[in-house]
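Novice: Next up, upload-v1.cif (mmCIF, C-alpha atoms).
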data_coords
#
loop_
_atom_site.label_atom_id
_atom_site.label_comp_id
_atom_site.auth_asym_id
_atom_site.auth_seq_id
_atom_site.Cartn_x
_atom_site.Cartn_y
_atom_site.Cartn_z
CA MET A 160 1.74 -27.22 -10.49
CA PRO A 161 -1.57 -25.79 -11.82
CA GLY A 162 -1.46 -23.04 -14.43
CA ASN A 163 -1.26 -19.42 -13.43
CA ASP A 164 -4.92 -18.78 -14.30
CA SER A 165 -6.05 -21.72 -12.14
CA PHE A 166 -3.82 -20.54 -9.27
CA ALA A 167 -5.23 -17.01 -9.46
CA VAL A 168 -8.84 -18.21 -9.62
CA SER A 169 -8.33 -20.65 -6.75
CA THR A 170 -6.62 -18.00 -4.63
CA TRP A 171 -9.40 -15.46 -5.24
CA ARG A 172 -12.07 -18.06 -4.45
CA LYS A 173 -10.46 -18.81 -1.10
CA LEU A 174 -9.77 -15.15 -0.36
CA ARG A 175 -13.44 -14.27 -0.87
CA ARG A 176 -14.39 -16.51 2.03
CA ASN A 177 -12.30 -14.36 4.38
CA LYS A 178 -14.53 -11.35 5.01
CA LEU A 179 -11.90 -9.46 7.00
CA SER A 180 -9.44 -9.74 4.11
CA LEU A 181 -12.08 -8.40 1.72
CA VAL A 182 -12.53 -5.40 4.02
CA GLY A 183 -8.78 -4.84 3.91
CA LEU A 184 -8.81 -5.16 0.11
CA PHE A 185 -11.66 -2.62 -0.08
CA ILE A 186 -9.74 -0.12 2.10
CA ILE A 187 -6.66 -0.54 -0.10
CA ALA A 188 -8.76 -0.01 -3.26
CA VAL A 189 -10.22 3.19 -1.80
CA ALA A 190 -6.71 4.37 -0.87
CA ILE A 191 -5.53 3.75 -4.44
CA LEU A 192 -8.43 5.79 -5.83
CA LEU A 193 -7.63 8.62 -3.41
CA ALA A 194 -3.96 8.50 -4.40
CA VAL A 195 -4.69 8.66 -8.14
CA PHE A 196 -7.58 11.13 -8.10
CA GLY A 197 -6.73 12.99 -4.89
CA TYR A 198 -6.66 16.45 -6.45
CA VAL A 199 -10.08 15.85 -7.99
CA LEU A 200 -11.62 14.75 -4.69
CA ALA A 201 -9.84 17.03 -2.19
CA PRO A 202 -11.63 20.25 -1.12
CA ASP A 203 -8.29 22.07 -1.42
CA ASN A 204 -6.94 21.06 -4.83
CA SER A 205 -3.96 23.41 -4.80
CA PRO A 206 -0.50 21.80 -5.24
CA TYR A 207 0.29 19.76 -2.10
CA ALA A 208 -3.01 21.05 -0.58
CA ASP A 209 -0.92 23.89 0.77
CA LEU A 210 -3.46 26.74 0.80
CA GLN A 211 -2.57 28.48 4.07
CA THR A 212 -4.86 30.75 6.06
CA VAL A 213 -3.07 31.44 9.33
CA GLU A 214 -6.08 33.18 10.90
CA ILE A 215 -7.96 29.86 11.12
CA GLN A 216 -5.12 27.66 12.37
CA ALA A 217 -5.79 24.62 14.56
CA LYS A 218 -9.56 24.59 14.19
CA SER A 219 -11.57 21.56 15.27
CA PRO A 220 -13.33 19.20 12.82
CA GLY A 221 -16.51 20.66 11.35
CA PHE A 222 -15.29 24.28 11.54
CA THR A 223 -17.03 26.57 9.01
CA GLN A 224 -15.69 29.92 7.81
CA LEU A 225 -16.85 32.61 5.37
CA PHE A 226 -14.27 33.80 2.80
CA LEU A 227 -13.85 36.67 0.37
CA LYS A 228 -12.26 35.46 -2.88
CA ILE A 229 -9.83 38.03 -4.29
CA PRO A 230 -8.80 37.28 -7.91
CA LYS A 231 -5.11 36.82 -8.70
CA GLN A 232 -2.98 35.69 -11.62
CA ALA A 233 -2.20 31.98 -11.93
CA PRO A 234 -0.04 30.17 -14.50
CA GLN A 235 -1.72 28.16 -17.26
CA GLN A 236 -1.99 24.40 -16.70
CA THR A 237 -3.05 21.42 -18.75
CA PHE A 238 -5.94 19.23 -17.61
CA LEU A 239 -3.66 16.30 -16.73
CA ASN A 240 -1.34 18.61 -14.80
CA ARG A 241 -4.27 19.85 -12.70
CA VAL A 242 -5.47 16.30 -12.05
CA PHE A 243 -2.11 14.83 -11.00
CA SER A 244 -0.22 17.86 -9.64
CA GLY A 245 -2.95 20.16 -8.34
CA LYS A 246 -4.49 23.39 -9.60
CA PHE A 247 -2.79 26.70 -8.90
CA PRO A 248 -5.33 28.84 -7.00
CA VAL A 249 -6.83 31.75 -8.92
CA TYR A 250 -8.07 33.46 -5.73
CA ASN A 251 -6.64 34.67 -2.45
CA TYR A 252 -9.00 33.63 0.34
CA ARG A 253 -9.62 36.27 3.01
CA PRO A 254 -11.56 34.99 6.09
CA ILE A 255 -14.43 37.31 7.00
CA THR A 256 -17.23 37.51 9.55
CA GLY A 257 -19.49 39.79 7.50
CA TYR A 258 -19.69 42.26 4.61
CA HIS A 259 -21.84 45.02 3.09
CA LEU A 260 -21.93 47.06 -0.12
CA GLU A 261 -21.86 50.85 -0.46
CA GLY A 262 -21.88 51.95 -4.10
CA ASN A 263 -18.85 50.52 -5.86
CA LYS A 264 -17.13 49.53 -2.62
CA LEU A 265 -17.27 46.34 -0.59
CA PHE A 266 -16.71 46.62 3.15
CA ILE A 267 -15.72 43.42 4.97
CA ASN A 268 -15.08 42.46 8.56
CA LYS A 269 -11.81 40.55 8.22
CA TYR A 270 -11.61 37.64 10.65
CA VAL A 271 -8.56 37.83 12.96
CA ASP A 272 -9.60 35.49 15.77
CA GLU A 273 -12.76 34.47 17.57
CA ASP A 274 -13.04 37.83 19.33
CA THR A 275 -11.44 40.20 16.83
CA SER A 276 -12.23 41.46 13.32
CA VAL A 277 -10.84 44.32 11.25
CA MET A 278 -12.72 46.47 8.72
CA GLU A 279 -11.29 46.45 5.15
CA THR A 280 -12.48 48.07 1.92
CA TYR A 281 -12.27 46.77 -1.67
CA LEU A 282 -13.31 48.34 -4.97
CA LEU A 283 -15.63 46.12 -7.00
CA LYS A 284 -13.44 46.61 -10.09
CA ASP A 285 -10.49 45.15 -8.16
CA LEU A 286 -12.63 42.12 -7.35
CA GLN A 287 -13.63 41.90 -11.05
CA VAL A 288 -17.31 41.70 -10.23
CA GLN A 289 -20.50 43.77 -10.46
CA ALA A 290 -22.60 44.84 -7.48
CA GLY A 291 -25.32 42.32 -8.31
CA ASP A 292 -22.84 39.45 -8.55
CA ILE A 293 -20.94 40.01 -5.31
CA SER A 294 -22.11 36.61 -4.05
CA LYS A 295 -19.71 35.06 -6.58
CA ARG A 296 -16.83 36.38 -4.47
CA ILE A 297 -18.20 35.12 -1.15
CA GLU A 298 -17.74 31.45 -0.26
CA SER A 299 -18.45 29.43 2.85
CA LYS A 300 -16.04 26.54 3.53
CA THR A 301 -16.48 23.69 5.97
CA PHE A 302 -13.30 22.00 7.18
CA TRP A 303 -14.64 18.53 7.97
CA LEU A 304 -11.45 17.38 9.73
CA GLY A 305 -10.37 20.83 10.90
CA THR A 306 -7.28 22.86 10.02
CA ASP A 307 -3.62 22.39 10.96
CA ALA A 308 -1.10 24.75 12.53
CA PHE A 309 -0.84 26.70 9.26
CA GLY A 310 -4.57 26.92 8.59
CA ARG A 311 -4.54 24.23 5.88
CA ASP A 312 -7.41 21.81 5.34
CA ILE A 313 -6.48 18.53 7.08
CA LEU A 314 -8.92 16.45 4.99
CA SER A 315 -7.26 17.61 1.77
CA ARG A 316 -3.75 16.96 3.06
CA LEU A 317 -4.85 13.56 4.34
CA ILE A 318 -6.16 12.64 0.88
CA ILE A 319 -3.06 13.89 -0.95
CA GLY A 320 -0.81 12.23 1.65
CA THR A 321 -2.28 8.85 0.67
CA ARG A 322 -0.20 9.12 -2.51
CA VAL A 323 3.05 9.28 -0.53
CA SER A 324 2.19 6.30 1.70
CA LEU A 325 1.16 4.06 -1.20
CA ALA A 326 4.06 5.20 -3.38
CA VAL A 327 6.69 4.50 -0.73
CA GLY A 328 5.11 1.10 -0.09
CA LEU A 329 5.02 0.23 -3.79
CA ILE A 330 8.59 1.33 -4.56
CA ALA A 331 9.94 -0.28 -1.39
CA VAL A 332 8.21 -3.57 -2.23
CA ILE A 333 9.50 -3.51 -5.82
CA ILE A 334 13.08 -2.88 -4.64
CA SER A 335 12.99 -5.35 -1.75
CA VAL A 336 11.27 -8.13 -3.70
CA SER A 337 13.52 -7.72 -6.76
CA LEU A 338 16.72 -7.74 -4.70
CA GLY A 339 15.51 -10.40 -2.29
CA VAL A 340 14.30 -12.78 -5.01
CA LEU A 341 17.54 -12.39 -6.99
CA LEU A 342 19.89 -13.04 -4.06
CA GLY A 343 17.65 -15.60 -2.36
CA ALA A 344 17.20 -17.63 -5.54
CA LEU A 345 20.94 -17.63 -6.25
CA ALA A 346 21.74 -18.69 -2.67
CA GLY A 347 19.11 -21.44 -2.59
CA PHE A 348 19.86 -22.84 -6.04
CA TYR A 349 23.66 -22.79 -6.19
CA ARG A 350 24.34 -23.23 -2.44
CA GLY A 351 27.97 -23.73 -1.44
CA ARG A 352 30.17 -20.63 -1.55
CA THR A 353 27.49 -18.54 -3.28
CA ASP A 354 25.06 -19.30 -0.45
CA ALA A 355 27.70 -18.55 2.21
CA ILE A 356 28.57 -15.15 0.72
CA ILE A 357 24.94 -14.07 0.24
CA MET A 358 23.89 -15.26 3.71
CA TRP A 359 26.85 -13.43 5.24
CA LEU A 360 25.57 -10.24 3.56
CA VAL A 361 22.03 -11.01 4.76
CA ASN A 362 23.17 -11.56 8.36
CA VAL A 363 25.27 -8.40 8.42
CA THR A 364 22.39 -6.33 7.04
CA TRP A 365 19.94 -8.05 9.43
CA SER A 366 22.11 -7.18 12.44
CA ILE A 367 21.85 -3.43 11.77
CA PRO A 368 18.69 -1.82 13.27
CA THR A 369 16.29 -0.87 10.48
CA LEU A 370 15.91 2.78 11.44
CA LEU A 371 19.67 3.18 11.88
CA LEU A 372 20.24 1.75 8.39
CA VAL A 373 17.56 4.00 6.94
CA PHE A 374 19.17 7.01 8.64
CA ALA A 375 22.53 6.17 7.08
CA ILE A 376 21.10 5.66 3.59
CA THR A 377 18.98 8.80 3.83
CA MET A 378 21.95 10.88 4.96
CA ALA A 379 24.01 9.51 2.07
CA LEU A 380 21.32 10.06 -0.58
CA GLY A 381 19.92 13.27 0.93
CA LYS A 382 16.45 14.19 2.13
CA GLY A 383 13.66 14.04 -0.39
CA PHE A 384 10.75 12.24 -2.00
CA TRP A 385 12.60 9.57 -4.01
CA GLN A 386 15.48 9.14 -1.60
CA ILE A 387 13.18 7.90 1.15
CA PHE A 388 11.65 5.32 -1.21
CA ILE A 389 15.07 3.89 -2.06
CA ALA A 390 16.23 3.96 1.56
CA VAL A 391 13.19 2.04 2.81
CA GLY A 392 13.40 -0.48 -0.04
CA LEU A 393 17.07 -1.22 0.57
CA THR A 394 16.41 -2.10 4.22
CA MET A 395 13.61 -4.63 3.61
CA TRP A 396 15.14 -7.11 1.14
CA VAL A 397 16.75 -9.37 3.74
CA SER A 398 13.49 -10.97 4.89
CA VAL A 399 12.54 -11.63 1.26
CA ALA A 400 15.96 -13.16 0.52
CA ARG A 401 15.76 -15.55 3.48
CA LEU A 402 12.24 -16.63 2.56
CA VAL A 403 13.12 -17.20 -1.10
CA ARG A 404 16.32 -19.08 -0.20
CA GLY A 405 14.41 -21.52 1.99
CA GLN A 406 11.65 -22.03 -0.57
CA VAL A 407 14.12 -22.56 -3.43
CA MET A 408 16.14 -25.07 -1.40
CA GLY A 409 12.99 -27.09 -0.77
CA ILE A 410 11.81 -27.03 -4.38
CA THR A 411 15.21 -27.71 -5.96
CA SER A 412 15.19 -31.26 -4.62
CA LEU A 413 11.78 -32.08 -6.17
CA GLU A 414 11.50 -34.39 -9.16
CA PHE A 415 10.30 -31.84 -11.73
CA VAL A 416 13.40 -29.68 -11.12
CA GLN A 417 15.67 -32.70 -11.41
CA ALA A 418 13.87 -33.63 -14.64
CA ALA A 419 14.46 -30.12 -16.01
CA LYS A 420 18.16 -30.42 -15.23
CA ALA A 421 18.29 -33.84 -16.93
CA LEU A 422 16.69 -32.34 -20.06
CA GLY A 423 19.55 -29.85 -20.24
CA PHE A 424 17.58 -26.69 -19.44
CA SER A 425 19.73 -23.72 -18.39
CA ASN A 426 19.88 -22.76 -14.73
CA ALA A 427 18.30 -19.38 -15.51
CA ARG A 428 15.33 -21.08 -17.21
CA ILE A 429 14.88 -23.53 -14.36
CA ILE A 430 14.86 -20.72 -11.79
CA LEU A 431 12.62 -18.35 -13.75
CA ARG A 432 10.20 -20.81 -15.37
CA HIS A 433 9.99 -23.69 -12.90
CA ILE A 434 11.03 -22.58 -9.40
CA LEU A 435 9.91 -18.96 -8.94
CA PRO A 436 6.29 -19.57 -10.10
CA ASN A 437 6.02 -22.18 -7.33
CA ILE A 438 6.92 -19.69 -4.60
CA LEU A 439 4.57 -16.94 -5.81
CA GLY A 440 2.18 -17.50 -2.91
CA PRO A 441 4.67 -16.87 -0.07
CA LEU A 442 6.08 -13.92 -2.04
CA MET A 443 2.61 -12.32 -2.19
CA VAL A 444 2.26 -12.67 1.57
CA ILE A 445 5.63 -11.12 2.43
CA ALA A 446 5.08 -8.35 -0.15
CA ALA A 447 1.85 -7.35 1.64
CA ALA A 448 3.66 -7.38 5.00
CA ASN A 449 6.54 -5.31 3.58
CA PHE A 450 4.04 -2.83 2.15
CA ALA A 451 2.62 -2.22 5.64
CA THR A 452 6.10 -2.01 7.18
CA ALA A 453 7.23 0.53 4.56
CA ILE A 454 4.26 2.79 5.37
CA ILE A 455 5.15 2.77 9.08
CA ILE A 456 8.86 3.41 8.42
CA GLU A 457 8.09 6.32 6.07
CA ALA A 458 5.71 7.84 8.62
CA GLY A 459 8.34 7.51 11.35
CA LEU A 460 11.06 9.09 9.22
CA SER A 461 8.78 11.97 8.20
CA PHE A 462 7.88 12.50 11.86
CA LEU A 463 11.59 12.73 12.68
CA GLY A 464 12.10 15.23 9.85
CA ILE A 465 14.29 13.15 7.53
CA GLY A 466 11.54 11.73 5.32
CA VAL A 467 9.27 13.60 2.93
CA GLN A 468 9.90 17.33 3.18
CA PRO A 469 7.34 20.17 3.48
CA PRO A 470 5.12 21.34 1.91
CA GLN A 471 4.47 17.88 0.45
CA PRO A 472 1.91 16.21 2.70
CA SER A 473 2.82 13.00 4.49
CA TRP A 474 0.85 11.40 7.29
CA GLY A 475 3.94 11.19 9.49
CA LEU A 476 4.76 14.83 8.77
CA MET A 477 1.17 15.82 9.62
CA ILE A 478 1.54 14.17 13.03
CA LYS A 479 4.80 16.04 13.60
CA GLU A 480 3.22 19.39 12.69
CA ASN A 481 0.22 18.89 14.98
CA TYR A 482 1.31 16.64 17.85
CA ASN A 483 1.56 19.64 20.19
CA PHE A 484 -2.23 19.96 19.97
CA ILE A 485 -2.71 16.56 21.64
CA ILE A 486 -2.54 18.21 25.06
CA THR A 487 -4.83 21.09 24.01
CA ASN A 488 -8.47 21.17 22.99
CA SER A 489 -7.70 19.90 19.46
CA PRO A 490 -6.09 16.43 19.83
CA MET A 491 -7.80 15.15 16.67
CA LEU A 492 -5.47 17.24 14.50
CA ALA A 493 -2.65 14.79 15.28
CA LEU A 494 -4.78 11.70 15.89
CA ILE A 495 -6.52 11.76 12.48
CA PRO A 496 -3.38 11.05 10.39
CA GLY A 497 -2.40 8.48 13.03
CA PHE A 498 -5.73 6.71 12.52
CA ALA A 499 -5.16 6.81 8.75
CA ILE A 500 -1.76 5.12 9.14
CA MET A 501 -3.24 2.51 11.46
CA LEU A 502 -6.16 1.78 9.11
CA LEU A 503 -4.03 1.36 5.99
CA VAL A 504 -1.40 -0.76 7.76
CA LEU A 505 -4.13 -2.93 9.27
CA ALA A 506 -5.68 -3.35 5.81
CA PHE A 507 -2.42 -4.67 4.36
CA ASN A 508 -1.83 -6.94 7.35
CA VAL A 509 -5.28 -8.58 7.20
CA LEU A 510 -4.94 -8.92 3.42
CA GLY A 511 -1.57 -10.60 3.94
CA ASN A 512 -3.12 -12.98 6.47
CA GLY A 513 -5.89 -13.79 4.00
CA LEU A 514 -3.38 -14.40 1.21
CA ARG A 515 -1.37 -16.67 3.50
CA ASP A 516 -4.43 -18.86 4.05
CA ALA A 517 -5.55 -18.67 0.42
CA VAL A 518 -2.24 -19.80 -1.07
CA ASP A 519 -1.60 -22.54 1.51
CA VAL A 520 -1.89 -25.71 -0.56
CA ARG A 521 -2.27 -27.82 2.57
#
Take the structure in this file and express it as structure tokens.

Specialist:
Amino acid sequence: MPGNDSFAVSTWRKLRRNKLSLVGLFIIAVAILLAVFGYVLAPDNSPYADLQTVEIQAKSPGFTQLFLKIPKQAPQQTFLNRVFSGKFPVYNYRPITGYHLEGNKLFINKYVDEDTSVMETYLLKDLQVQAGDISKRIESKTFWLGTDAFGRDILSRLIIGTRVSLAVGLIAVIISVSLGVLLGALAGFYRGRTDAIIMWLVNVTWSIPTLLLVFAITMALGKGFWQIFIAVGLTMWVSVARLVRGQVMGITSLEFVQAAKALGFSNARIILRHILPNILGPLMVIAAANFATAIIIEAGLSFLGIGVQPPQPSWGLMIKENYNFIITNSPMLALIPGFAIMLLVLAFNVLGNGLRDAVDVR
């Protein structure tokens, strides 16, 4: 078996020849950047991108609106807290269609809907601004992907929602791979009664529909951010266990494993140092596939209302909140997060296909 460095270099060299897999890898890299630096990149960098303006609900992509910024008190935050958790807004945003000054008063036409506006008056001292600087309190915003049913910026929630999809995929893969490798390796190496017991558990778990099992685990653990990660992870280990069991059974009969046993190495050392490194390739492939599956399951659970809970953005939850607009003049409000799910899942699937070809020693 070549060293780990040689295996990695060889795998990358083969993967580079697969242009579609490189596209998938690029999409995943962009998604990771959005997940980590989402609050820096999102137009609405408030916590959970939850800045609601009900007057501009369900607007189409490219909608532009003028706002009056009214100062308000906001708690102090550290720089890292603003980057990773969002910045508490220091202004209330009032949609307007026009404004004019008269002395120390600002008169605005507050936007109600496309045909209605209401006159409101503000003292300049309440806006904490001088007459010559009133432009500092007027801002024009463009909602590139439109607004949802609560008047929130869909682009911002889409960016912040990337964090949930990648996080659930990562945690689910860690749980499923850890549990699957442990049980699969034990079953394939020891065989006999150990194999029979573990495979009985695998078959029982496999016979239960995935969503039904997730429902049961979610109901037992409760609804929430971390509970959904654990629930998805605990339903995906069976495929890993069966793969690892088969691979370990095939490798255990090879000469280098028999030689390690003859030298008196412990079973734990043989499994960890000699067998598992030889099945790293197939594990990488199934991990990529499980990542994509976890994203779809999380989106489905959030759509059904038992996944990530509002106001935290999730692509599945965004579809649920806006799917009624599919039959109106704003179908993109629900289709956009659906396209995001499709794109990210496709990226992991094509990367998995590329890894399968790259690690195939034949």

Novice: At most 8 Å is the cut-off: for each residue in region 305-403 of chain A with any atom that close to an atom of region 466-472 of chain A, write down the nearest atom pair and the distance in Å rounded to one decimal, counting all atoms listed in the file, chain first then increasing number, as JSON lines.

Specialist:
{"residue": "A:Arg316", "atom": "CA", "partner": "A:Pro472", "partner_atom": "CA", "distance": 5.7}
{"residue": "A:Leu317", "atom": "CA", "partner": "A:Pro472", "partner_atom": "CA", "distance": 7.4}
{"residue": "A:Ile319", "atom": "CA", "partner": "A:Pro472", "partner_atom": "CA", "distance": 6.6}
{"residue": "A:Gly320", "atom": "CA", "partner": "A:Pro472", "partner_atom": "CA", "distance": 4.9}
{"residue": "A:Val323", "atom": "CA", "partner": "A:Pro472", "partner_atom": "CA", "distance": 7.7}
{"residue": "A:Lys382", "atom": "CA", "partner": "A:Gly466", "partner_atom": "CA", "distance": 6.4}
{"residue": "A:Gly383", "atom": "CA", "partner": "A:Val467", "partner_atom": "CA", "distance": 5.5}
{"residue": "A:Phe384", "atom": "CA", "partner": "A:Val467", "partner_atom": "CA", "distance": 5.3}
{"residue": "A:Ile387", "atom": "CA", "partner": "A:Gly466", "partner_atom": "CA", "distance": 5.9}

Novice: Give as a JSON list (two decimals) with C-alpha atoms, keeping the file's coordinate frame the residues that the PyMOL selection byres ((chain A and resi 445) around 10) matches when applied to the coordinates above.

Specialist:
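Printed below is selection-v9.json as written:
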[["chain", "number", "residue", "atom", "x", "y", "z"],
["A", 332, "VAL", "CA", 8.21, -3.57, -2.23],
["A", 336, "VAL", "CA", 11.27, -8.13, -3.70],
["A", 398, "SER", "CA", 13.49, -10.97, 4.89],
["A", 399, "VAL", "CA", 12.54, -11.63, 1.26],
["A", 402, "LEU", "CA", 12.24, -16.63, 2.56],
["A", 440, "GLY", "CA", 2.18, -17.50, -2.91],
["A", 441, "PRO", "CA", 4.67, -16.87, -0.07],
["A", 442, "LEU", "CA", 6.08, -13.92, -2.04],
["A", 443, "MET", "CA", 2.61, -12.32, -2.19],
["A", 444, "VAL", "CA", 2.26, -12.67, 1.57],
["A", 446, "ALA", "CA", 5.08, -8.35, -0.15],
["A", 447, "ALA", "CA", 1.85, -7.35, 1.64],
["A", 448, "ALA", "CA", 3.66, -7.38, 5.00],
["A", 449, "ASN", "CA", 6.54, -5.31, 3.58],
["A", 450, "PHE", "CA", 4.04, -2.83, 2.15],
["A", 451, "ALA", "CA", 2.62, -2.22, 5.64],
["A", 508, "ASN", "CA", -1.83, -6.94, 7.35],
["A", 511, "GLY", "CA", -1.57, -10.60, 3.94],
["A", 512, "ASN", "CA", -3.12, -12.98, 6.47],
["A", 514, "LEU", "CA", -3.38, -14.40, 1.21],
["A", 515, "ARG", "CA", -1.37, -16.67, 3.50]]

Novice: Can you list what the PyMOL selection byres ((chain A and resi 477) around 10) grabs from this structure, as a JSON list (two decimals) with C-alpha atoms, in the frame of the given file?

Specialist:
[["chain", "number", "residue", "atom", "x", "y", "z"],
["A", 307, "ASP", "CA", -3.62, 22.39, 10.96],
["A", 308, "ALA", "CA", -1.10, 24.75, 12.53],
["A", 313, "ILE", "CA", -6.48, 18.53, 7.08],
["A", 316, "ARG", "CA", -3.75, 16.96, 3.06],
["A", 317, "LEU", "CA", -4.85, 13.56, 4.34],
["A", 320, "GLY", "CA", -0.81, 12.23, 1.65],
["A", 458, "ALA", "CA", 5.71, 7.84, 8.62],
["A", 461, "SER", "CA", 8.78, 11.97, 8.20],
["A", 462, "PHE", "CA", 7.88, 12.50, 11.86],
["A", 469, "PRO", "CA", 7.34, 20.17, 3.48],
["A", 471, "GLN", "CA", 4.47, 17.88, 0.45],
["A", 472, "PRO", "CA", 1.91, 16.21, 2.70],
["A", 473, "SER", "CA", 2.82, 13.00, 4.49],
["A", 474, "TRP", "CA", 0.85, 11.40, 7.29],
["A", 475, "GLY", "CA", 3.94, 11.19, 9.49],
["A", 476, "LEU", "CA", 4.76, 14.83, 8.77],
["A", 478, "ILE", "CA", 1.54, 14.17, 13.03],
["A", 479, "LYS", "CA", 4.80, 16.04, 13.60],
["A", 480, "GLU", "CA", 3.22, 19.39, 12.69],
["A", 481, "ASN", "CA", 0.22, 18.89, 14.98],
["A", 482, "TYR", "CA", 1.31, 16.64, 17.85],
["A", 492, "LEU", "CA", -5.47, 17.24, 14.50],
["A", 493, "ALA", "CA", -2.65, 14.79, 15.28],
["A", 494, "LEU", "CA", -4.78, 11.70, 15.89],
["A", 495, "ILE", "CA", -6.52, 11.76, 12.48],
["A", 496, "PRO", "CA", -3.38, 11.05, 10.39],
["A", 497, "GLY", "CA", -2.40, 8.48, 13.03]]

Novice: Apply the PyMOL selection byres ((chain A and resi 199) around 10) to the displayed file and report the matching residues as a ChimeraX atom specification.

Specialist: /A:193,195-198,200-204,241-243,245-246

Novice: Which polymer residues have any atom within 12 Å of an atom of region 366-372 of chain A, counting only C-alpha atoms, with same-chain residues fewer than 6 positions away left out, as a short mmCIF file (atom, residue, chain, number, x, y, z; two decimals) with C-alpha atoms, in the frame of the given file?

Specialist:
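Dumped everything to selection-v7.cif:
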data_model
loop_
_atom_site.label_atom_id
_atom_site.label_comp_id
_atom_site.auth_asym_id
_atom_site.auth_seq_id
_atom_site.Cartn_x
_atom_site.Cartn_y
_atom_site.Cartn_z
CA TRP A 359 26.85 -13.43 5.24
CA LEU A 360 25.57 -10.24 3.56
CA MET A 378 21.95 10.88 4.96
CA ALA A 379 24.01 9.51 2.07
CA ILE A 387 13.18 7.90 1.15
CA ILE A 389 15.07 3.89 -2.06
CA ALA A 390 16.23 3.96 1.56
CA VAL A 391 13.19 2.04 2.81
CA GLY A 392 13.40 -0.48 -0.04
CA LEU A 393 17.07 -1.22 0.57
CA THR A 394 16.41 -2.10 4.22
CA MET A 395 13.61 -4.63 3.61
CA TRP A 396 15.14 -7.11 1.14
CA VAL A 397 16.75 -9.37 3.74
CA SER A 398 13.49 -10.97 4.89
CA THR A 452 6.10 -2.01 7.18
CA ALA A 453 7.23 0.53 4.56
CA ILE A 455 5.15 2.77 9.08
CA ILE A 456 8.86 3.41 8.42
CA GLU A 457 8.09 6.32 6.07
CA ALA A 458 5.71 7.84 8.62
CA GLY A 459 8.34 7.51 11.35
CA LEU A 460 11.06 9.09 9.22
CA LEU A 463 11.59 12.73 12.68
CA ILE A 465 14.29 13.15 7.53
CA GLY A 466 11.54 11.73 5.32
#

Novice: For a test of reading the model, state the distance in Å between CA of Pro234 (chain A) and CA of Val288 (chain A), rounded to one decimal.

Specialist: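 Result for CA of Pro234 (chain A) versus CA of Val288 (chain A): 21.2 Å, one decimal.
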
Novice: Taking only residues of region 364-406 of chain A that have an atom at most 12 Å from an atom of region 427-435 of chain A, what is each one's shortest atom pair and its distance in Å to one decimal, using all atoms listed in the file, in chain and number order, as JSON lines?

Specialist:
{"residue": "A:Leu402", "atom": "CA", "partner": "A:Leu435", "partner_atom": "CA", "distance": 12.0}
{"residue": "A:Val403", "atom": "CA", "partner": "A:Leu435", "partner_atom": "CA", "distance": 8.7}
{"residue": "A:Arg404", "atom": "CA", "partner": "A:Leu435", "partner_atom": "CA", "distance": 10.8}
{"residue": "A:Gly405", "atom": "CA", "partner": "A:Ile434", "partner_atom": "CA", "distance": 11.9}
{"residue": "A:Gln406", "atom": "CA", "partner": "A:Ile434", "partner_atom": "CA", "distance": 8.9}

Novice: Can you pull out every residue within 12 Å of Arg175 (chain A), counting only C-alpha atoms, but drop anything in the same chain fewer than 2 positions away, and send it as a ChimeraX atom specification?

Specialist: /A:168-173,177-185,510,513-514,516-517

Novice: Point out the residue among A:Lys264, A:Lys269, A:Lys300, A:Arg322 with the least atom-to-atom distance to Ser244 (chain A), counting only C-alpha atoms.

Specialist: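 Of A:Lys264, A:Lys269, A:Lys300, A:Arg322, the one nearest Ser244 (chain A) is A:Arg322, counting only C-alpha atoms.
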
Novice: Reconstruct N, CA and C atoms of region 219-227 of chain A from the incomplete input and present them as a JSON list (two decimals), in the coordinates of the input.

Specialist:
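Saved as selection_21.json:
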[["chain", "number", "residue", "atom", "x", "y", "z"],
["A", 219, "SER", "N", -11.06, 22.91, 15.05],
["A", 219, "SER", "CA", -11.57, 21.56, 15.27],
["A", 219, "SER", "C", -12.36, 21.07, 14.06],
["A", 220, "PRO", "N", -12.54, 19.75, 13.93],
["A", 220, "PRO", "CA", -13.33, 19.20, 12.82],
["A", 220, "PRO", "C", -14.72, 19.80, 12.76],
["A", 221, "GLY", "N", -15.20, 20.07, 11.55],
["A", 221, "GLY", "CA", -16.51, 20.66, 11.35],
["A", 221, "GLY", "C", -16.53, 22.18, 11.35],
["A", 222, "PHE", "N", -15.36, 22.81, 11.51],
["A", 222, "PHE", "CA", -15.29, 24.28, 11.54],
["A", 222, "PHE", "C", -15.71, 24.86, 10.19],
["A", 223, "THR", "N", -16.54, 25.90, 10.22],
["A", 223, "THR", "CA", -17.03, 26.57, 9.01],
["A", 223, "THR", "C", -16.62, 28.04, 9.04],
["A", 224, "GLN", "N", -16.16, 28.54, 7.90],
["A", 224, "GLN", "CA", -15.69, 29.92, 7.81],
["A", 224, "GLN", "C", -16.13, 30.53, 6.49],
["A", 225, "LEU", "N", -16.48, 31.84, 6.55],
["A", 225, "LEU", "CA", -16.85, 32.61, 5.37],
["A", 225, "LEU", "C", -15.59, 33.26, 4.80],
["A", 226, "PHE", "N", -15.45, 33.26, 3.45],
["A", 226, "PHE", "CA", -14.27, 33.80, 2.80],
["A", 226, "PHE", "C", -14.65, 34.78, 1.69],
["A", 227, "LEU", "N", -13.80, 35.80, 1.54],
["A", 227, "LEU", "CA", -13.85, 36.67, 0.37],
["A", 227, "LEU", "C", -12.79, 36.20, -0.61]]
